[in-house]
>>> print(open('final.cif').read())   # mmCIF, C-alpha atoms and all ligand atoms
data_entry
loop_
_atom_site.label_atom_id
_atom_site.label_comp_id
_atom_site.auth_asym_id
_atom_site.auth_seq_id
_atom_site.Cartn_x
_atom_site.Cartn_y
_atom_site.Cartn_z
CA MET W 1 58.43 61.39 68.08
CA LYS W 2 58.92 58.86 65.30
CA PRO W 3 57.02 59.04 62.01
CA GLU W 4 55.02 56.19 60.48
CA VAL W 5 57.06 54.30 57.90
CA GLU W 6 55.35 53.18 54.73
CA LEU W 7 56.76 51.33 51.75
CA LYS W 8 55.04 52.32 48.57
CA THR W 9 55.20 50.95 45.04
CA LEU W 10 54.75 53.59 42.37
CA THR W 11 53.52 52.32 39.01
CA LEU W 12 54.61 54.05 35.81
CA THR W 13 52.12 54.76 33.03
CA THR W 14 54.59 53.31 30.50
CA PRO W 15 57.95 51.61 31.14
CA PHE W 16 60.87 54.07 31.30
CA ARG W 17 63.90 52.85 29.36
CA ILE W 18 67.45 54.16 29.82
CA ALA W 19 70.92 52.66 29.21
CA HIS W 20 70.78 50.84 32.60
CA GLY W 21 67.52 49.03 31.68
CA ALA W 22 63.75 49.56 31.78
CA SER W 23 61.44 50.12 34.80
CA SER W 24 57.68 49.82 35.03
CA SER W 25 57.44 50.39 38.78
CA ARG W 26 59.61 51.84 41.54
CA GLN W 27 59.56 51.67 45.31
CA VAL W 28 59.76 54.60 47.69
CA VAL W 29 59.87 54.80 51.46
CA ARG W 30 57.54 57.37 52.93
CA LEU W 31 57.44 58.94 56.39
CA CYS W 32 54.31 60.57 57.85
CA GLY W 33 53.79 62.01 61.30
CA ALA W 34 53.14 65.22 63.27
CA GLY W 35 51.70 66.74 60.10
CA ALA W 36 54.98 66.30 58.24
CA VAL W 37 55.64 64.02 55.29
CA ALA W 38 58.71 62.93 53.35
CA GLU W 39 59.78 60.34 50.84
CA ALA W 40 62.92 58.84 49.34
CA PRO W 41 63.16 56.55 46.33
CA PHE W 42 64.88 53.21 45.85
CA VAL W 43 66.80 53.11 42.61
CA PRO W 44 67.76 49.75 41.00
CA TYR W 45 71.19 51.22 40.20
CA TYR W 46 72.08 51.55 43.93
CA ASP W 47 70.70 48.16 44.96
CA GLU W 48 69.74 49.43 48.43
CA ASP W 49 68.12 47.10 50.93
CA VAL W 50 64.45 47.94 51.47
CA GLU W 51 63.98 45.85 54.61
CA SER W 52 66.92 47.27 56.59
CA THR W 53 65.88 50.76 55.50
CA VAL W 54 62.40 50.29 56.99
CA THR W 55 63.78 48.64 60.15
CA TRP W 56 66.24 51.47 60.69
CA LEU W 57 63.61 54.15 60.13
CA LYS W 58 61.35 52.44 62.69
CA ALA W 59 64.07 51.81 65.29
CA GLY W 60 66.48 54.62 64.38
CA GLN W 61 69.65 53.06 65.80
CA GLY W 62 73.17 53.07 64.38
CA PRO W 63 74.27 54.47 61.04
CA ALA W 64 71.69 54.69 58.23
CA PRO W 65 71.79 51.54 56.07
CA SER W 66 70.92 53.35 52.84
CA ARG W 67 70.75 56.68 51.08
CA ALA W 68 66.96 56.34 51.03
CA ALA W 69 66.80 55.95 54.83
CA GLU W 70 69.01 58.96 55.47
CA LEU W 71 67.25 61.20 52.95
CA ALA W 72 63.69 60.30 54.02
CA LEU W 73 64.43 61.08 57.67
CA ASP W 74 66.25 64.29 56.80
CA LEU W 75 63.35 65.57 54.67
CA TRP W 76 60.75 64.61 57.26
CA ARG W 77 62.62 66.54 59.96
CA LEU W 78 62.98 69.53 57.64
CA ASP W 79 59.28 69.46 56.73
CA LEU W 80 58.40 69.42 60.42
CA GLU W 81 60.87 72.22 61.22
CA GLY W 82 59.72 74.31 58.27
CA GLN W 83 56.08 74.00 59.21
CA ARG W 84 56.79 74.97 62.81
CA ALA W 85 58.86 77.98 61.70
CA GLY W 86 56.46 78.91 58.87
CA LEU W 87 59.34 78.79 56.36
CA PRO W 88 59.68 76.89 53.09
CA LEU W 89 62.39 74.25 52.66
CA SER W 90 64.27 76.66 50.36
CA ALA W 91 64.93 78.89 53.41
CA GLN W 92 67.57 76.28 54.37
CA VAL W 93 69.78 77.38 51.46
CA PRO W 94 72.51 79.86 52.54
CA SER W 95 71.81 83.33 51.16
CA LEU W 96 75.36 83.71 49.80
CA LEU W 97 74.71 81.27 46.94
CA PRO W 98 73.75 83.09 43.71
CA LYS W 99 70.03 82.63 43.17
CA ARG W 100 67.90 82.88 40.05
CA LEU W 101 64.96 85.23 40.59
CA SER W 102 63.21 84.78 37.23
CA LEU W 103 60.82 81.96 36.35
CA ILE W 104 62.57 78.61 36.15
CA PRO W 105 61.88 76.47 33.09
CA GLY W 106 61.20 72.84 33.95
CA CYS W 107 62.55 70.02 31.81
CA ARG W 108 60.79 66.95 30.41
CA SER W 109 62.75 63.75 29.84
CA PHE W 110 62.08 61.11 27.20
CA SER W 111 62.98 57.50 27.74
CA ILE W 112 64.79 55.71 24.88
CA PRO W 113 62.03 55.42 22.26
CA THR W 114 61.01 52.23 20.51
CA ASN W 115 59.13 53.95 17.69
CA LEU W 116 60.65 57.11 16.22
CA GLU W 117 57.42 58.30 14.59
CA ALA W 118 55.50 58.18 17.85
CA PHE W 119 58.54 59.75 19.54
CA ALA W 120 58.54 62.68 17.09
CA LEU W 121 54.87 63.39 17.87
CA LEU W 122 55.47 63.15 21.61
CA VAL W 123 58.42 65.55 21.43
CA GLN W 124 56.42 67.99 19.31
CA GLU W 125 53.49 67.87 21.71
CA THR W 126 55.70 68.24 24.82
CA ALA W 127 57.62 71.17 23.28
CA ARG W 128 54.35 73.15 23.08
CA GLN W 129 54.63 73.55 26.85
CA PHE W 130 58.24 72.81 27.83
CA GLN W 131 61.28 74.78 26.63
CA VAL W 132 63.85 72.27 27.89
CA LEU W 133 63.82 68.63 26.79
CA LYS W 134 66.11 65.79 27.84
CA LEU W 135 66.78 62.82 25.58
CA LYS W 136 67.94 59.50 26.96
CA LEU W 137 70.51 57.79 24.76
CA GLY W 138 72.59 54.62 25.12
CA SER W 139 70.23 52.36 23.20
CA GLY W 140 73.11 50.06 22.26
CA ASP W 141 72.93 51.21 18.64
CA LEU W 142 74.92 54.37 17.87
CA ALA W 143 73.09 55.07 14.61
CA TYR W 144 69.77 54.86 16.46
CA ASP W 145 71.07 57.16 19.21
CA GLY W 146 71.92 59.67 16.49
CA GLN W 147 68.46 59.32 14.97
CA ILE W 148 66.82 60.01 18.34
CA VAL W 149 68.59 63.37 18.54
CA ALA W 150 67.92 64.24 14.88
CA VAL W 151 64.20 63.40 15.22
CA ALA W 152 63.86 65.40 18.45
CA ARG W 153 65.68 68.40 16.98
CA GLN W 154 63.39 68.41 13.97
CA ALA W 155 60.28 68.00 16.11
CA ALA W 156 61.33 70.75 18.53
CA PRO W 157 63.57 73.19 16.62
CA LYS W 158 63.51 75.86 19.35
CA ALA W 159 63.77 73.67 22.44
CA LYS W 160 66.89 73.50 24.58
CA LEU W 161 68.01 69.90 24.13
CA LEU W 162 69.88 67.99 26.82
CA VAL W 163 71.23 64.51 26.18
CA ASP W 164 71.77 61.91 28.90
CA VAL W 165 73.63 58.74 27.98
CA ASN W 166 73.61 57.25 31.50
CA GLY W 167 77.11 55.87 30.84
CA GLY W 168 75.82 53.84 27.91
CA TRP W 169 78.70 54.54 25.50
CA SER W 170 82.17 53.01 25.41
CA MET W 171 85.12 55.40 25.14
CA ALA W 172 85.28 54.76 21.39
CA ASP W 173 81.50 55.31 21.06
CA ALA W 174 81.69 58.59 22.95
CA ALA W 175 84.66 59.82 20.91
CA LYS W 176 82.69 59.07 17.75
CA MET W 177 79.24 60.30 18.85
CA ILE W 178 79.97 63.55 20.69
CA PRO W 179 81.45 65.37 17.64
CA ARG W 180 78.64 63.94 15.51
CA LEU W 181 76.03 65.55 17.78
CA GLU W 182 77.57 69.04 17.63
CA VAL W 183 75.41 70.01 14.66
CA PHE W 184 72.23 69.72 16.78
CA GLY W 185 73.10 72.62 19.10
CA LEU W 186 72.79 70.63 22.32
CA GLU W 187 72.90 72.35 25.71
CA LEU W 188 74.93 69.54 27.24
CA ILE W 189 75.68 65.81 27.24
CA GLU W 190 75.35 64.03 30.56
CA GLN W 191 77.49 61.04 31.57
CA PRO W 192 78.52 59.87 28.07
CA ILE W 193 80.85 57.23 29.52
CA HIS W 194 80.36 54.76 32.37
CA HIS W 195 81.31 55.93 35.86
CA ASP W 196 83.25 52.68 36.43
CA GLY W 197 86.17 54.16 34.50
CA GLY W 198 86.59 56.84 37.18
CA ILE W 199 88.44 60.09 36.63
CA LEU W 200 90.94 58.39 34.30
CA ALA W 201 88.16 57.69 31.80
CA TRP W 202 87.10 61.35 31.79
CA GLN W 203 90.73 62.36 31.26
CA GLU W 204 91.00 59.95 28.35
CA LEU W 205 87.78 61.28 26.83
CA ARG W 206 89.02 64.87 27.08
CA PHE W 207 92.33 63.83 25.53
CA MET W 208 90.49 62.26 22.62
CA LEU W 209 88.19 65.29 22.20
CA PRO W 210 90.34 68.35 22.88
CA ARG W 211 88.09 70.85 21.12
CA ILE W 212 84.55 69.75 21.83
CA ALA W 213 82.01 72.58 22.01
CA ILE W 214 79.18 70.75 23.82
CA PRO W 215 79.36 71.04 27.62
CA LEU W 216 79.79 67.65 29.32
CA TYR W 217 78.09 67.00 32.66
CA ALA W 218 78.80 64.24 35.18
CA ASP W 219 75.91 62.45 36.85
CA GLU W 220 76.81 58.94 38.06
CA SER W 221 80.49 60.04 38.31
CA ALA W 222 79.58 62.79 40.79
CA GLN W 223 77.66 61.44 43.78
CA LYS W 224 78.43 64.14 46.34
CA ALA W 225 80.18 67.47 47.00
CA ALA W 226 83.54 65.75 47.64
CA ASP W 227 83.50 64.23 44.13
CA VAL W 228 83.38 67.62 42.42
CA PRO W 229 87.00 68.91 42.64
CA ALA W 230 88.45 65.84 40.86
CA LEU W 231 86.21 66.57 37.85
CA LEU W 232 87.55 70.09 37.32
CA GLY W 233 88.73 70.67 33.78
CA LEU W 234 87.00 67.45 32.71
CA VAL W 235 83.33 68.45 32.88
CA GLU W 236 81.43 71.72 32.59
CA GLY W 237 78.84 70.78 35.18
CA VAL W 238 77.36 68.18 37.52
CA ASN W 239 73.95 66.65 38.09
CA VAL W 240 72.84 67.18 41.71
CA LYS W 241 70.15 64.90 43.16
CA LEU W 242 68.88 64.71 46.73
CA LEU W 243 69.24 60.92 46.86
CA LYS W 244 72.87 60.98 45.72
CA CYS W 245 73.71 63.56 48.40
CA ARG W 246 71.63 61.75 51.09
CA SER W 247 70.20 65.00 52.49
CA PHE W 248 69.01 68.47 51.54
CA SER W 249 72.12 70.06 53.06
CA GLY W 250 74.27 67.51 51.18
CA ALA W 251 72.72 68.69 47.91
CA VAL W 252 73.29 72.34 48.89
CA ALA W 253 76.94 71.47 49.63
CA MET W 254 77.29 69.87 46.18
CA ILE W 255 75.82 72.97 44.51
CA GLN W 256 78.22 75.12 46.53
CA ALA W 257 81.15 72.91 45.49
CA ALA W 258 80.14 73.16 41.83
CA ARG W 259 79.66 76.94 41.94
CA SER W 260 82.90 77.59 43.80
CA HIS W 261 84.70 75.89 40.91
CA GLY W 262 82.67 77.65 38.21
CA LEU W 263 80.73 74.54 37.20
CA GLY W 264 77.14 74.34 35.97
CA VAL W 265 74.41 72.64 37.98
CA LEU W 266 71.71 70.37 36.63
CA LEU W 267 69.17 69.52 39.30
CA GLY W 268 67.93 65.97 38.81
CA CYS W 269 65.50 63.52 40.35
CA MET W 270 64.49 59.88 40.35
CA ILE W 271 61.10 58.34 39.61
CA GLU W 272 59.27 59.54 42.72
CA SER W 273 56.02 61.18 43.75
CA SER W 274 55.37 64.91 44.09
CA ILE W 275 56.77 64.67 47.64
CA GLY W 276 60.35 63.94 46.54
CA ILE W 277 60.13 66.09 43.41
CA THR W 278 58.87 69.12 45.34
CA ALA W 279 61.61 68.72 47.95
CA ALA W 280 64.20 68.87 45.13
CA ALA W 281 62.37 71.76 43.44
CA HIS W 282 63.16 73.93 46.47
CA LEU W 283 66.75 73.94 45.09
CA ALA W 284 65.75 74.97 41.56
CA PRO W 285 66.59 78.71 41.92
CA TRP W 286 70.22 77.68 42.49
CA ALA W 287 70.49 75.41 39.43
CA ASP W 288 70.99 76.08 35.71
CA TYR W 289 68.58 73.32 34.71
CA ALA W 290 65.70 71.80 36.67
CA ASP W 291 65.08 68.25 35.48
CA LEU W 292 62.26 67.47 37.89
CA ASP W 293 59.60 65.44 36.15
CA GLY W 294 59.86 62.03 37.88
CA HIS W 295 56.31 62.36 39.20
CA LEU W 296 54.84 62.88 35.73
CA TYR W 297 55.56 59.25 34.77
CA LEU W 298 53.34 57.86 37.54
CA ALA W 299 49.95 56.30 36.96
CA GLU W 300 48.92 57.78 40.30
CA ASP W 301 50.68 60.61 42.09
CA ASP W 302 48.86 60.80 45.42
CA TYR W 303 50.41 64.11 46.53
CA GLN W 304 50.59 67.55 45.00
CA GLY W 305 53.33 70.14 45.26
CA VAL W 306 55.33 71.76 42.49
CA THR W 307 53.44 72.23 39.22
CA PHE W 308 54.21 73.72 35.79
CA ASP W 309 52.73 76.81 34.17
CA PRO W 310 51.65 76.86 30.46
CA ASN W 311 55.27 77.65 29.49
CA GLY W 312 56.65 74.72 31.46
CA CYS W 313 58.03 76.91 34.25
CA LEU W 314 57.99 75.73 37.86
CA ILE W 315 55.24 76.93 40.21
CA MET W 316 56.17 76.28 43.82
CA PRO W 317 53.43 75.69 46.40
CA ASP W 318 52.82 78.59 48.76
CA ALA W 319 53.17 76.65 52.01
CA PRO W 320 55.88 76.07 54.64
CA GLY W 321 58.17 73.05 54.78
CA LEU W 322 58.11 70.89 51.65
CA GLY W 323 54.73 72.45 50.85
CA VAL W 324 53.10 69.22 49.66
CA ARG W 325 49.65 67.90 50.49
CA PRO W 326 47.63 64.79 49.65
CA ARG W 327 45.52 65.00 46.51
MG MG A 401 71.51 61.39 34.38
#
>>> encode(input="final.cif", output="structure tokens")
Amino acid sequence: MKPEVELKTLTLTTPFRIAHGASSSRQVVRLCGAGAVAEAPFVPYYDEDVESTVTWLKAGQGPAPSRAAELALDLWRLDLEGQRAGLPLSAQVPSLLPKRLSLIPGCRSFSIPTNLEAFALLVQETARQFQVLKLKLGSGDLAYDGQIVAVARQAAPKAKLLVDVNGGWSMADAAKMIPRLEVFGLELIEQPIHHDGGILAWQELRFMLPRIAIPLYADESAQKAADVPALLGLVEGVNVKLLKCRSFSGAVAMIQAARSHGLGVLLGCMIESSIGITAAAHLAPWADYADLDGHLYLAEDDYQGVTFDPNGCLIMPDAPGLGVRPR
């Protein structure tokens, strides 16, 4: 059987600003049928064609035209399979991968702020629940980027702070900023330089910063498992997202590739509803950081799945498959 295909526009409560630009709404493609549901997001950065994605999902012929098409169909099939077998999506992960059995702290991300006073209050408020906070940098003003980190550190002295530049710094910017941020005790810095520079750019950065103490993570530079080996010795970890890997098993393969080389894993997401976020959350026990808050920016999240306890830790739904249901 073929699922129903629906294109959905998700509206954000406030625009989300990162180095690539700002978004106030995002599109997702959603599949429903036989009691199973799945979703995959469109991200401006990939420039994927919405129309051919929908056509392919309806007709299902030839190679998938987009990551979103491939991922949505994969997750729908896995939800169906999981429900029939009475097993959660996480049962798809091979048992040989080292798994975290304790509670998993969730992470809240902050878009590049426009007002530092309001930002300080927001960070303070968020840190009452969440132990891990991610700051988006790459504002175009290095001094302001530095202020963002200083303000957040003061507002949340005990929080684990992650920084994500989304490739917003030049090589010279990164060489200047990374040592400057060492004083703030950051957990990691994600994608300080643009992925366009390839592996050579990472090599140059490492050459310029031979003794940097902050772990560097690749996001845009690492799209899939096969990209991991080339980054060895250049980064301490990679950001794994379902959409980048095009399927749940693709994301598992990327985690396996990272672990087999001793690299850290940051599980990431896009702006998407609880359907996509919960699918990704099934991988959280195998990650070092779970940055899965894309659904919390939505004006209306019409599904429910993973939630957070009073300490910001993930609570997975007790249901087979993805485990999500309409609100
Ligand atoms: Mg990132």
>>> residues_near_ligand(input="final.cif", ligand="ligand MG 401 (chain A)", cutoff="8 Å", atoms="all atoms listed in the file", output="PyMOL selection string")
chain W and resi 164-166+190-191+218-220+239+268
>>> closest_atom_pairs(input="final.cif", of="region 34-117 of chain W", to="region 314-325 of chain W", cutoff="8 Å", atoms="only C-alpha atoms", output="JSON lines")
{"residue": "W:Leu78", "atom": "CA", "partner": "W:Gly321", "partner_atom": "CA", "distance": 6.6}
{"residue": "W:Asp79", "atom": "CA", "partner": "W:Gly321", "partner_atom": "CA", "distance": 4.2}
{"residue": "W:Leu80", "atom": "CA", "partner": "W:Gly321", "partner_atom": "CA", "distance": 6.7}
{"residue": "W:Glu81", "atom": "CA", "partner": "W:Gly321", "partner_atom": "CA", "distance": 7.0}
{"residue": "W:Gly82", "atom": "CA", "partner": "W:Gly321", "partner_atom": "CA", "distance": 4.0}
{"residue": "W:Gln83", "atom": "CA", "partner": "W:Gly321", "partner_atom": "CA", "distance": 5.0}
{"residue": "W:Ala85", "atom": "CA", "partner": "W:Pro320", "partner_atom": "CA", "distance": 7.9}
{"residue": "W:Gly86", "atom": "CA", "partner": "W:Pro320", "partner_atom": "CA", "distance": 5.1}
{"residue": "W:Leu87", "atom": "CA", "partner": "W:Pro320", "partner_atom": "CA", "distance": 4.7}
{"residue": "W:Pro88", "atom": "CA", "partner": "W:Pro320", "partner_atom": "CA", "distance": 4.2}
{"residue": "W:Leu89", "atom": "CA", "partner": "W:Gly321", "partner_atom": "CA", "distance": 4.9}
{"residue": "W:Leu103", "atom": "CA", "partner": "W:Leu314", "partner_atom": "CA", "distance": 7.0}
{"residue": "W:Ile104", "atom": "CA", "partner": "W:Leu314", "partner_atom": "CA", "distance": 5.7}
{"residue": "W:Pro105", "atom": "CA", "partner": "W:Leu314", "partner_atom": "CA", "distance": 6.2}
{"residue": "W:Gly106", "atom": "CA", "partner": "W:Leu314", "partner_atom": "CA", "distance": 5.8}
>>> closest_residue(input="final.cif", among="W:Val183, W:Ile271, W:Met1, W:Leu298", to="Ile212 (chain W)", atoms="only C-alpha atoms")
W:Val183
>>> closest_residue(input="final.cif", among="W:Leu296, W:Ala38, W:Ala72, W:Val132", to="Leu266 (chain W)", atoms="all atoms listed in the file")
W:Val132
>>> closest_residue(input="final.cif", among="W:Ala22, W:Leu186, W:Leu242, W:Ala201", to="Arg67 (chain W)", atoms="all atoms listed in the file")
W:Leu242
>>> closest_residue(input="final.cif", among="W:Glu4, W:Asp49, W:Asp196, W:Asp291", to="Val265 (chain W)", atoms="only C-alpha atoms")
W:Asp291
>>> closest_residue(input="final.cif", among="W:Val149, W:Ala69, W:Ile214, W:Ala64", to="Val28 (chain W)", atoms="all atoms listed in the file")
W:Ala69
>>> residues_near_point(input="final.cif", point="(80.7, 75.7, 39.6)", cutoff="12 Å", atoms="all atoms listed in the file", output="PyMOL selection string")
chain W and resi 97-98+217+225+228-229+231-233+235-240+253-266+286-288
>>> closest_residue(input="final.cif", among="W:Gly305, W:Gly198, W:Gly21, W:Pro41", to="Glu6 (chain W)", atoms="all atoms listed in the file")
W:Pro41
>>> residues_around(input="final.cif", residues="Val123 (chain W)", least_positions_apart="5", cutoff="7 Å", atoms="all atoms listed in the file", output="PyMOL selection string")
chain W and resi 152+155-156
>>> axis_aligned_box(input="final.cif", around="region 69-81 of chain W", padding_each_side="4 Å", output="AutoDock Vina command-line options")
--center_x 63.7 --center_y 64.1 --center_z 57.1 --size_x 18.6 --size_y 24.3 --size_z 16.3
>>> atom_distance(input="final.cif", atom1="CA of Val163 (chain W)", atom2="CA of Gly138 (chain W)")
10.0 Å
>>> residues_around(input="final.cif", residues="Ser52 (chain W)", least_positions_apart="6", cutoff="12 Å", atoms="only C-alpha atoms", output="list of chain:residue names")
W:Leu7, W:Val29, W:Lys58, W:Ala59, W:Gly60, W:Gln61, W:Gly62, W:Pro63, W:Ala64, W:Pro65, W:Ser66, W:Arg67, W:Ala68, W:Ala69, W:Glu70
>>> residues_near_point(input="final.cif", point="(51.9, 64.2, 61.4)", cutoff="9 Å", atoms="all atoms listed in the file", output="list in words")
Pro3, Glu4, Cys32, Gly33, Ala34, Gly35, Ala36, Val37 and Leu80 of chain W
>>> atom_distance(input="final.cif", atom1="CA of Val54 (chain W)", atom2="CA of Val5 (chain W)")
6.7 Å
